[in-house]
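Shown below: final_34.tsv, with TSV, C-alpha atoms.
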chain	number	residue	atom	x	y	z
A	1	MET	CA	11.63	-17.89	52.96
A	2	PRO	CA	11.07	-14.47	54.57
A	3	ASP	CA	7.72	-13.95	56.22
A	4	TYR	CA	6.57	-11.40	53.64
A	5	GLN	CA	7.22	-13.90	50.82
A	6	ILE	CA	5.24	-16.60	52.62
A	7	ALA	CA	2.36	-14.17	53.19
A	8	ALA	CA	2.39	-13.11	49.52
A	9	THR	CA	2.53	-16.74	48.38
A	10	PHE	CA	-0.45	-17.80	50.44
A	11	PHE	CA	-2.38	-14.72	49.35
A	12	SER	CA	-1.80	-15.80	45.74
A	13	LEU	CA	-2.84	-19.33	46.65
A	14	SER	CA	-6.10	-18.08	48.12
A	15	LEU	CA	-6.82	-16.13	44.91
A	16	ALA	CA	-6.15	-19.18	42.75
A	17	MET	CA	-8.30	-21.37	45.00
A	18	MET	CA	-11.15	-18.85	44.97
A	19	THR	CA	-11.01	-18.66	41.17
A	20	LEU	CA	-10.96	-22.46	40.89
A	21	LEU	CA	-14.08	-22.68	43.03
A	22	GLN	CA	-15.73	-20.12	40.77
A	23	VAL	CA	-14.82	-22.11	37.66
A	24	LEU	CA	-15.76	-25.62	38.80
A	25	PRO	CA	-19.57	-25.20	38.68
A	26	GLY	CA	-19.32	-24.12	35.04
A	27	VAL	CA	-16.92	-26.82	33.82
A	28	LYS	CA	-18.76	-27.99	30.70
A	29	ASP	CA	-16.21	-27.72	27.88
A	30	CYS	CA	-12.49	-27.79	27.12
A	31	ARG	CA	-12.04	-24.09	27.82
A	32	ALA	CA	-13.28	-24.37	31.39
A	33	VAL	CA	-11.43	-27.64	32.02
A	34	CYS	CA	-8.10	-26.21	30.80
A	35	PHE	CA	-8.61	-23.03	32.79
A	36	ALA	CA	-9.42	-25.04	35.94
A	37	VAL	CA	-6.35	-27.24	35.52
A	38	LEU	CA	-4.30	-24.08	34.97
A	39	GLN	CA	-5.37	-22.89	38.43
A	40	VAL	CA	-4.32	-26.21	39.97
A	41	SER	CA	-0.94	-25.95	38.21
A	42	LEU	CA	-0.52	-22.41	39.47
A	43	MET	CA	-1.15	-23.58	43.02
A	44	GLY	CA	1.51	-26.28	42.63
A	45	TYR	CA	3.93	-23.71	41.28
A	46	LEU	CA	3.24	-21.35	44.18
A	47	LEU	CA	3.82	-24.12	46.70
A	48	GLN	CA	7.15	-25.18	45.21
A	49	PRO	CA	9.40	-22.70	47.12
A	50	VAL	CA	7.50	-23.40	50.33
A	51	VAL	CA	7.95	-27.16	49.90
A	52	GLU	CA	11.64	-26.78	49.00
A	53	SER	CA	12.27	-24.67	52.12
A	54	ARG	CA	10.51	-27.13	54.45
A	55	THR	CA	11.47	-30.56	53.12
A	56	GLU	CA	13.96	-32.41	50.93
A	57	ASN	CA	11.46	-35.01	49.82
A	58	PHE	CA	12.21	-35.58	46.14
A	59	TRP	CA	8.69	-36.64	45.16
A	60	LEU	CA	6.94	-33.62	46.68
A	61	ILE	CA	9.37	-31.25	44.97
A	62	TRP	CA	9.06	-33.27	41.75
A	63	LEU	CA	5.27	-32.91	41.83
A	64	CYS	CA	5.51	-29.13	42.21
A	65	VAL	CA	7.98	-28.97	39.31
A	66	VAL	CA	5.56	-30.96	37.14
A	67	PHE	CA	2.81	-28.45	37.94
A	68	ARG	CA	5.14	-25.59	36.99
A	69	SER	CA	5.95	-27.19	33.63
A	70	MET	CA	2.23	-27.45	32.88
A	71	ILE	CA	1.58	-23.69	33.10
A	72	PRO	CA	2.93	-22.59	29.68
A	73	THR	CA	1.18	-25.45	27.86
A	74	LEU	CA	-2.13	-24.86	29.63
A	75	PHE	CA	-1.86	-21.14	28.94
A	76	TRP	CA	-1.35	-21.99	25.26
A	77	MET	CA	-4.41	-24.27	25.26
A	78	VAL	CA	-6.63	-21.65	26.94
A	79	CYS	CA	-5.54	-18.95	24.47
A	80	LEU	CA	-6.20	-21.06	21.39
A	81	LEU	CA	-9.51	-22.41	22.69
A	82	LEU	CA	-10.67	-18.87	23.48
A	83	PHE	CA	-9.40	-16.97	20.47
A	84	ASP	CA	-9.17	-19.46	17.62
A	85	ASP	CA	-12.67	-20.68	16.78
A	86	ASN	CA	-11.27	-23.39	14.50
A	87	PHE	CA	-8.84	-24.87	17.05
A	88	ARG	CA	-9.60	-28.34	18.41
A	89	LEU	CA	-7.75	-30.45	20.96
A	90	ASN	CA	-6.70	-33.76	19.42
A	91	ARG	CA	-3.71	-36.09	19.24
A	92	LYS	CA	-1.79	-33.81	16.90
A	93	THR	CA	-2.32	-30.60	18.86
A	94	LEU	CA	-1.57	-32.33	22.18
A	95	ALA	CA	1.66	-34.02	21.09
A	96	ILE	CA	4.05	-31.12	21.82
A	97	PRO	CA	2.30	-29.98	25.05
A	98	LEU	CA	2.43	-33.50	26.47
A	99	PHE	CA	6.11	-33.79	25.55
A	100	ILE	CA	6.86	-30.49	27.31
A	101	ILE	CA	5.09	-31.68	30.46
A	102	PHE	CA	6.25	-35.27	30.72
A	103	SER	CA	9.77	-35.11	29.30
A	104	PRO	CA	11.26	-33.07	32.21
A	105	ALA	CA	9.20	-35.09	34.69
A	106	ILE	CA	10.55	-38.39	33.38
A	107	GLY	CA	14.04	-36.89	33.06
A	108	ARG	CA	14.14	-35.87	36.72
A	109	VAL	CA	13.02	-39.32	37.83
A	110	GLY	CA	15.67	-40.92	35.60
A	111	ALA	CA	18.34	-38.58	36.97
A	112	TYR	CA	17.26	-39.25	40.57
A	113	LEU	CA	17.01	-43.02	40.31
A	114	PHE	CA	19.67	-43.87	37.75
A	115	GLY	CA	21.99	-40.86	37.56
A	116	LEU	CA	21.31	-40.30	33.86
A	117	ASP	CA	21.80	-36.54	34.08
A	118	THR	CA	25.51	-36.95	33.26
A	119	SER	CA	24.62	-37.57	29.60
A	120	PHE	CA	24.60	-34.49	27.34
A	121	ILE	CA	22.01	-36.04	24.99
A	122	PHE	CA	19.78	-36.97	27.92
A	123	ASN	CA	19.92	-33.44	29.37
A	124	TRP	CA	19.30	-31.81	26.01
A	125	LEU	CA	16.37	-34.06	25.11
A	126	MET	CA	14.70	-34.14	28.51
A	127	PHE	CA	15.29	-30.58	29.70
A	128	ARG	CA	16.68	-28.15	27.10
A	129	LEU	CA	14.37	-29.05	24.23
A	130	PRO	CA	11.18	-28.73	26.35
A	131	GLN	CA	12.40	-25.30	27.51
A	132	TRP	CA	12.67	-24.01	23.95
A	133	LEU	CA	9.34	-25.55	23.07
A	134	GLU	CA	7.78	-23.68	26.00
A	135	PHE	CA	8.91	-20.38	24.47
A	136	ILE	CA	7.50	-21.42	21.11
A	137	LEU	CA	4.10	-22.22	22.66
A	138	ILE	CA	4.00	-18.94	24.59
A	139	ALA	CA	4.93	-17.00	21.45
A	140	HIS	CA	2.29	-18.85	19.44
A	141	ALA	CA	-0.32	-18.13	22.11
A	142	LEU	CA	0.46	-14.41	22.12
A	143	ILE	CA	0.43	-14.30	18.32
A	144	THR	CA	-3.00	-15.96	18.41
A	145	VAL	CA	-4.20	-13.33	20.90
A	146	VAL	CA	-3.35	-10.43	18.59
A	147	ARG	CA	-3.55	-12.06	15.15
A	148	SER	CA	-7.29	-11.95	14.55
A	149	MET	CA	-8.26	-9.23	17.01
A	150	ARG	CA	-9.38	-6.91	14.20
A	151	ASP	CA	-11.81	-9.53	12.86
A	152	ASP	CA	-13.16	-10.64	16.25
A	153	LEU	CA	-16.89	-9.91	16.51
A	154	VAL	CA	-17.34	-10.89	20.20
A	155	GLU	CA	-16.87	-7.64	22.10
A	156	SER	CA	-16.06	-9.17	25.49
A	157	ARG	CA	-13.50	-11.44	23.84
A	158	ARG	CA	-11.93	-8.47	22.04
A	159	GLU	CA	-11.50	-6.65	25.34
A	160	LEU	CA	-10.06	-9.71	27.05
A	161	ARG	CA	-7.78	-10.34	24.09
A	162	ALA	CA	-6.52	-6.75	24.13
A	163	TRP	CA	-4.67	-6.83	27.41
A	164	LEU	CA	-5.67	-9.51	29.90
A	165	LEU	CA	-4.18	-12.75	28.57
A	166	GLY	CA	-1.54	-10.78	26.73
A	167	SER	CA	-0.25	-9.47	30.03
A	168	VAL	CA	-0.37	-12.97	31.52
A	169	GLY	CA	1.65	-14.32	28.60
A	170	PHE	CA	4.24	-11.57	29.05
A	171	TYR	CA	4.53	-12.35	32.76
A	172	ILE	CA	4.90	-16.08	32.10
A	173	ALA	CA	7.55	-15.40	29.46
A	174	VAL	CA	9.57	-13.21	31.87
A	175	VAL	CA	9.38	-15.76	34.69
A	176	VAL	CA	10.29	-18.70	32.45
A	177	THR	CA	13.22	-16.73	30.98
A	178	MET	CA	14.56	-15.82	34.42
A	179	GLU	CA	14.15	-19.32	35.81
A	180	GLN	CA	15.50	-21.27	32.87
A	181	PHE	CA	18.35	-19.07	31.63
A	182	PHE	CA	19.35	-16.74	34.48
A	183	ASN	CA	19.04	-19.07	37.48
A	184	GLY	CA	15.95	-17.31	38.74
A	185	GLY	CA	17.07	-13.80	37.83
A	186	PRO	CA	18.89	-11.13	39.88
A	187	PRO	CA	18.53	-11.21	43.69
A	188	VAL	CA	16.14	-8.25	43.68
A	189	PHE	CA	13.83	-10.08	41.25
A	190	LYS	CA	13.89	-13.24	43.38
A	191	LEU	CA	13.00	-11.31	46.53
A	192	ALA	CA	10.27	-9.26	44.90
A	193	GLN	CA	8.73	-11.96	42.69
A	194	PRO	CA	6.20	-13.39	45.23
A	195	VAL	CA	4.91	-9.89	46.02
A	196	LEU	CA	4.77	-8.87	42.36
A	197	LEU	CA	2.96	-12.09	41.53
A	198	ALA	CA	0.41	-11.52	44.31
A	199	ILE	CA	-0.31	-7.99	43.04
A	200	PHE	CA	-0.52	-9.21	39.47
A	201	LEU	CA	-2.91	-12.05	40.31
A	202	PHE	CA	-5.09	-9.75	42.40
A	203	ALA	CA	-5.53	-7.40	39.42
A	204	PHE	CA	-5.86	-10.28	36.97
A	205	TYR	CA	-8.53	-12.22	38.85
A	206	GLY	CA	-10.44	-9.07	39.71
A	207	ARG	CA	-10.62	-8.19	36.04
A	208	LEU	CA	-11.40	-11.78	35.09
A	209	LEU	CA	-14.66	-11.78	37.06
A	210	LYS	CA	-16.09	-9.50	34.39
A	211	PHE	CA	-15.56	-12.21	31.78
A	212	ARG	CA	-16.60	-15.18	33.91
A	213	SER	CA	-19.94	-15.70	32.19
A	214	GLY	CA	-20.09	-16.63	28.54
A	215	LEU	CA	-16.39	-16.58	27.72
A	216	LEU	CA	-14.34	-18.78	30.00
A	217	PHE	CA	-16.96	-20.94	31.66
A	218	SER	CA	-20.16	-21.23	29.62
A	219	GLU	CA	-22.02	-19.61	26.78
A	220	PRO	CA	-24.48	-16.90	27.69
A	221	GLU	CA	-28.11	-17.86	27.37
A	222	SER	CA	-28.83	-14.83	25.20
A	223	GLU	CA	-27.29	-11.58	24.17
A	224	THR	CA	-29.16	-8.32	23.97
A	225	LEU	CA	-29.58	-6.95	20.48
A	226	PRO	CA	-28.85	-3.28	19.88
A	227	THR	CA	-31.91	-1.18	20.62
A	228	ALA	CA	-32.66	2.39	21.54
A	229	GLU	CA	-32.09	1.51	25.20
A	230	THR	CA	-28.83	-0.38	24.75
A	231	ILE	CA	-26.98	1.95	22.36
A	232	PRO	CA	-24.63	4.23	24.32
A	233	THR	CA	-25.75	7.83	24.42
A	234	ASP	CA	-22.23	9.11	23.72
A	235	GLN	CA	-22.21	7.41	20.32
A	236	PRO	CA	-23.67	9.47	17.46
A	237	SER	CA	-26.42	7.86	15.43
A	238	PRO	CA	-25.62	7.05	11.78
A	239	PRO	CA	-26.59	9.91	9.45
A	240	ASP	CA	-29.91	9.54	7.66
A	241	SER	CA	-30.69	6.32	9.54
A	242	GLU	CA	-33.94	5.13	11.06
A	243	PRO	CA	-34.35	5.30	14.84
A	244	PRO	CA	-32.20	2.57	16.49
A	245	ALA	CA	-35.19	0.59	17.82
A	246	GLU	CA	-36.50	0.14	14.28
A	247	SER	CA	-33.19	-0.12	12.44
A	248	VAL	CA	-31.91	-3.59	13.31
A	249	ASN	CA	-33.75	-5.40	10.52
A	250	ILE	CA	-33.09	-2.52	8.13
A	251	TRP	CA	-29.35	-2.71	8.76
A	252	ILE	CA	-29.37	-6.50	8.36
A	253	ASP	CA	-31.25	-6.23	5.07
A	254	LYS	CA	-28.88	-3.51	3.90
A	255	LEU	CA	-25.86	-5.61	4.86
A	256	LYS	CA	-27.13	-8.71	3.09
A	257	GLY	CA	-28.09	-6.64	0.07
A	258	MET	CA	-24.66	-5.06	-0.23
A	259	MET	CA	-22.92	-8.43	0.13
A	260	GLU	CA	-25.17	-10.21	-2.36
A	261	THR	CA	-25.54	-7.51	-5.01
A	262	GLN	CA	-22.25	-5.62	-4.78
A	263	LYS	CA	-20.34	-8.77	-3.74
A	264	LEU	CA	-18.09	-6.84	-1.38
A	265	TYR	CA	-16.65	-10.11	-0.06
A	266	ARG	CA	-14.66	-10.35	-3.31
A	267	GLN	CA	-12.56	-7.31	-2.39
A	268	GLU	CA	-9.15	-8.42	-1.21
A	269	GLY	CA	-8.25	-7.11	2.23
A	270	ILE	CA	-11.67	-5.68	3.02
A	271	THR	CA	-12.04	-5.02	6.76
A	272	ILE	CA	-15.01	-4.54	9.01
A	273	SER	CA	-14.02	-0.86	9.24
A	274	ASP	CA	-14.26	-0.58	5.46
A	275	LEU	CA	-17.67	-2.25	5.46
A	276	ALA	CA	-18.94	-0.04	8.28
A	277	GLU	CA	-17.85	3.05	6.36
A	278	LEU	CA	-19.59	1.86	3.20
A	279	MET	CA	-22.77	1.16	5.15
A	280	ASP	CA	-22.52	4.45	7.08
A	281	ILE	CA	-22.86	2.72	10.44
A	282	GLN	CA	-20.71	2.65	13.55
A	283	GLU	CA	-18.23	-0.21	13.56
A	284	TYR	CA	-19.26	-1.45	17.00
A	285	ARG	CA	-22.90	-1.71	15.86
A	286	LEU	CA	-21.90	-3.62	12.74
A	287	ARG	CA	-19.98	-6.07	14.90
A	288	GLN	CA	-23.06	-6.55	17.06
A	289	LEU	CA	-25.30	-7.14	14.07
A	290	ILE	CA	-23.05	-9.75	12.44
A	291	ASN	CA	-22.36	-11.50	15.73
A	292	GLN	CA	-25.74	-11.44	17.41
A	293	GLN	CA	-28.10	-11.47	14.41
A	294	MET	CA	-26.17	-13.64	11.97
A	295	GLY	CA	-24.29	-15.86	14.44
A	296	TYR	CA	-20.71	-15.22	13.31
A	297	ARG	CA	-17.90	-14.80	15.86
A	298	ASN	CA	-15.26	-13.78	13.33
A	299	PHE	CA	-15.50	-11.31	10.43
A	300	ASN	CA	-13.37	-13.46	8.14
A	301	ASP	CA	-15.72	-16.41	8.69
A	302	PHE	CA	-18.61	-14.11	7.75
A	303	LEU	CA	-16.90	-13.21	4.47
A	304	ASN	CA	-15.94	-16.82	3.79
A	305	GLY	CA	-19.58	-17.84	4.10
A	306	TYR	CA	-20.46	-15.72	1.07
A	307	ARG	CA	-17.28	-16.69	-0.75
A	308	ILE	CA	-17.94	-20.39	-0.41
A	309	GLN	CA	-21.61	-19.98	-1.30
A	310	GLU	CA	-20.55	-18.40	-4.60
A	311	SER	CA	-17.84	-21.03	-5.10
A	312	CYS	CA	-20.32	-23.87	-4.58
A	313	CYS	CA	-22.55	-22.44	-7.31
A	314	ARG	CA	-19.68	-21.91	-9.74
A	315	LEU	CA	-18.08	-25.31	-9.14
A	316	ILE	CA	-21.23	-27.07	-10.38
A	317	SER	CA	-22.13	-24.50	-13.04
A	318	VAL	CA	-22.06	-25.68	-16.65
A	319	GLN	CA	-20.57	-22.35	-17.73
A	320	ASP	CA	-17.64	-22.74	-15.32
A	321	ALA	CA	-17.18	-26.49	-15.72
A	322	GLN	CA	-13.73	-26.10	-17.32
A	323	LEU	CA	-12.62	-23.25	-15.07
A	324	PRO	CA	-9.75	-24.15	-12.67
A	325	VAL	CA	-10.56	-24.29	-8.98
A	326	LEU	CA	-7.85	-21.68	-8.32
A	327	THR	CA	-9.55	-19.16	-10.60
A	328	ILE	CA	-12.88	-19.65	-8.84
A	329	ALA	CA	-11.20	-19.26	-5.45
A	330	LEU	CA	-9.43	-16.03	-6.40
A	331	ASP	CA	-12.56	-14.60	-8.03
A	332	ALA	CA	-14.52	-15.26	-4.83
A	333	GLY	CA	-12.00	-13.33	-2.72
A	334	PHE	CA	-9.64	-15.97	-1.35
A	335	ARG	CA	-5.96	-15.09	-1.41
A	336	SER	CA	-4.63	-18.60	-2.01
A	337	LEU	CA	-5.78	-22.06	-3.00
A	338	SER	CA	-4.71	-23.52	0.36
A	339	ALA	CA	-6.87	-21.03	2.29
A	340	PHE	CA	-9.78	-21.79	-0.02
A	341	ASN	CA	-9.41	-25.57	0.37
A	342	ARG	CA	-9.20	-25.29	4.15
A	343	ALA	CA	-12.24	-23.03	4.51
A	344	PHE	CA	-14.24	-25.01	1.95
A	345	LYS	CA	-13.59	-28.34	3.66
A	346	GLU	CA	-14.49	-26.93	7.08
A	347	ARG	CA	-17.95	-26.00	5.80
A	348	THR	CA	-18.75	-28.77	3.30
A	349	GLU	CA	-16.60	-31.64	4.70
A	350	MET	CA	-15.12	-32.21	1.24
A	351	THR	CA	-12.55	-30.57	-0.99
A	352	PRO	CA	-13.63	-28.29	-3.88
A	353	SER	CA	-12.59	-30.97	-6.40
A	354	GLN	CA	-14.60	-33.62	-4.58
A	355	TYR	CA	-17.59	-31.28	-4.43
A	356	ARG	CA	-17.38	-30.54	-8.14
A	357	LYS	CA	-17.05	-34.23	-9.01
A	358	GLU	CA	-19.96	-35.29	-6.77
A	359	HIS	CA	-22.28	-32.66	-8.29
A	360	SER	CA	-21.03	-32.86	-11.85
A	361	PHE	CA	-24.26	-34.54	-12.95
A	362	GLN	CA	-26.26	-31.34	-12.28
A	363	THR	CA	-26.99	-29.20	-15.34
A	364	GLU	CA	-27.99	-26.03	-13.52
A	365	PRO	CA	-26.22	-24.31	-10.65
A	366	VAL	CA	-27.82	-24.58	-7.25
A	367	SER	CA	-27.28	-22.46	-4.21
A	368	GLY	CA	-24.64	-23.59	-1.77
A	369	HIS	CA	-26.35	-21.72	1.04
A	370	GLU	CA	-27.81	-24.83	2.66
A	371	LEU	CA	-24.44	-26.51	2.67
A	372	ILE	CA	-22.63	-23.75	4.48
A	373	SER	CA	-25.31	-22.21	6.68

Can the structure in the file be given as structure tokens, please?
Amino acid sequence: MPDYQIAATFFSLSLAMMTLLQVLPGVKDCRAVCFAVLQVSLMGYLLQPVVESRTENFWLIWLCVVFRSMIPTLFWMVCLLLFDDNFRLNRKTLAIPLFIIFSPAIGRVGAYLFGLDTSFIFNWLMFRLPQWLEFILIAHALITVVRSMRDDLVESRRELRAWLLGSVGFYIAVVVTMEQFFNGGPPVFKLAQPVLLAIFLFAFYGRLLKFRSGLLFSEPESETLPTAETIPTDQPSPPDSEPPAESVNIWIDKLKGMMETQKLYRQEGITISDLAELMDIQEYRLRQLINQQMGYRNFNDFLNGYRIQESCCRLISVQDAQLPVLTIALDAGFRSLSAFNRAFKERTEMTPSQYRKEHSFQTEPVSGHELIS
């Protein structure tokens, strides 16, 4: 390796090590653990060309290759844990990532010890299939980053979602494409890659420090509610509104009133921009109110809370006893029965039919608020 590539590689290593040391004290949940392991995998990937140029030891090179194969799957895990509030790591969600990691690792050992790489089926199963699955995971991660950005109520997460991990995903996709299908890419790309990676990581980690608290490592102890002091001066105040310091409770009451009396959650396709316009309030302030005052991280979850509250009442209402579950779901604002069943079960731990059957003995409707709050 040329000296400039070695210097760039070890500069990238120092950045990854520094970030890992920053993460370790805050390792308390899956997000932080996955992000920490991602840094370790990145260090193994960075060391691979150095190891290959200095030794022919199969096991050292094999270990670096294993670390490289972990990067796309760990990136996928970090994206879903950060941006999908309903995602959980379990046996089902880990099946494909573990296959992507361990299949090439086992395949290389089998090829080294037993010469199995001459088999087409063996090569396809152990190497080609995991490569395609890597692309699928990266694509799914990037789709997750942008899919629910409009409904995200956590401002720091919206900013991070907008460009930071998206740019990382793009870089990973380019590198994986070059390595897997173009033998590392053109000579110019191979020569420039360590330097480009060092520059990219420097910008990435520098930006990441802004999000270190409360997003990647641990939840913030508290978040400041919008007041006269915290509202930016370049934002105009809502017309005919009370002074900001006195308006928080007024806006919350107005929001709850509009949702409960006008039942805006029933409107198909309603967005937070639409709601902000109806309330005559800035969109960023409405996001703050729903997130910080009412505890929701996603606008769709906020709407579903009201939808399921109404559905709970109607499912056990005598007047709606013969009404199909699908009709109740559509009336409440859900677009499909499957979406309704999924959201309902997440909040009540039973299906709508089970809920209706269990409460069928009641003669008067009761509020479902306690069940879903």

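The closest residue to Cys312 of chain A, picked from A:Tyr296, A:Phe344, A:Tyr112, A:Phe334 and counting only C-alpha atoms, is A:Phe344.
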
All residues 10 Å or closer to segment 27-37 of chain A, only C-alpha atoms, same chain fewer than 6 positions away omitted, as an MDAnalysis selection string: chainID A and resid 16:17 19:21 43 67 70:71 73:82 88:89 215:219

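One distance worth recording is that between atom CA of Trp62 of chain A and atom CA of Leu13 of chain A, which is 19.0 Å.
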
Top pick for closest residue to Val50 of chain A, considering A:Thr9, A:Thr327, A:Gln262, A:Ser103 and counting only C-alpha atoms: A:Thr9

Between atom CA of Leu42 of chain A and atom CA of Arg207 of chain A, distance in Å (one decimal):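 So the answer is 17.8 Å.
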
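Atom CA of Ile272 of chain A lies 7.9 Å from atom CA of Arg287 of chain A.
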
Report as a Markdown table the residues of segment 320-347 of chain A within 9 Å of segment 351-361 of chain A, each with its shortest atom pair and distance in Å (one decimal), using only C-alpha atoms, ordered by chain and increasing residue number.
| residue | atom | partner | partner_atom | distance |
| --- | --- | --- | --- | --- |
| A:Ala321 | CA | A:Ser360 | CA | 8.4 |
| A:Val325 | CA | A:Pro352 | CA | 7.2 |
| A:Phe340 | CA | A:Pro352 | CA | 8.5 |
| A:Asn341 | CA | A:Thr351 | CA | 6.1 |
| A:Arg342 | CA | A:Thr351 | CA | 8.1 |
| A:Phe344 | CA | A:Thr351 | CA | 6.5 |
| A:Lys345 | CA | A:Thr351 | CA | 5.3 |

Among listed residues A:Phe11, A:Gln288, A:Val65, A:Leu113, nearest Glu52 of chain A (using only C-alpha atoms):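 Smallest distance to Glu52 of chain A is found for A:Val65.
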
From A:Ala8, A:Leu24, A:Met149, A:Leu255, residue lying nearest Leu47 of chain A [only C-alpha atoms]: A:Ala8

Neighbour list for Pro104 of chain A as an MDAnalysis selection string, cut-off 10 Å, only C-alpha atoms, skip fewer than 4 positions in-chain: chainID A and resid 62 65:66 69 99:100 108:110 123 125:131

Residues within 8 Å of Arg307 of chain A, all atoms listed in the file, excluding chain neighbours under 4 positions, as an mmCIF file with C-alpha atoms, in the coordinates of the input:
data_model
loop_
_atom_site.group_PDB
_atom_site.id
_atom_site.type_symbol
_atom_site.label_atom_id
_atom_site.label_comp_id
_atom_site.auth_asym_id
_atom_site.auth_seq_id
_atom_site.Cartn_x
_atom_site.Cartn_y
_atom_site.Cartn_z
ATOM 1 C CA TYR A 265 -16.650 -10.110 -0.060
ATOM 2 C CA ARG A 266 -14.660 -10.350 -3.310
ATOM 3 C CA LEU A 303 -16.900 -13.210 4.470
ATOM 4 C CA SER A 311 -17.840 -21.030 -5.100
ATOM 5 C CA ALA A 332 -14.520 -15.260 -4.830
ATOM 6 C CA GLY A 333 -12.000 -13.330 -2.720
ATOM 7 C CA PHE A 334 -9.640 -15.970 -1.350
#

Lys254 of chain A surroundings by only C-alpha atoms, 12 Å radius, close-in-sequence under 4 positions cut, as an MDAnalysis selection string: chainID A and resid 241 247:250 258:262 275:276 278:281 286 289
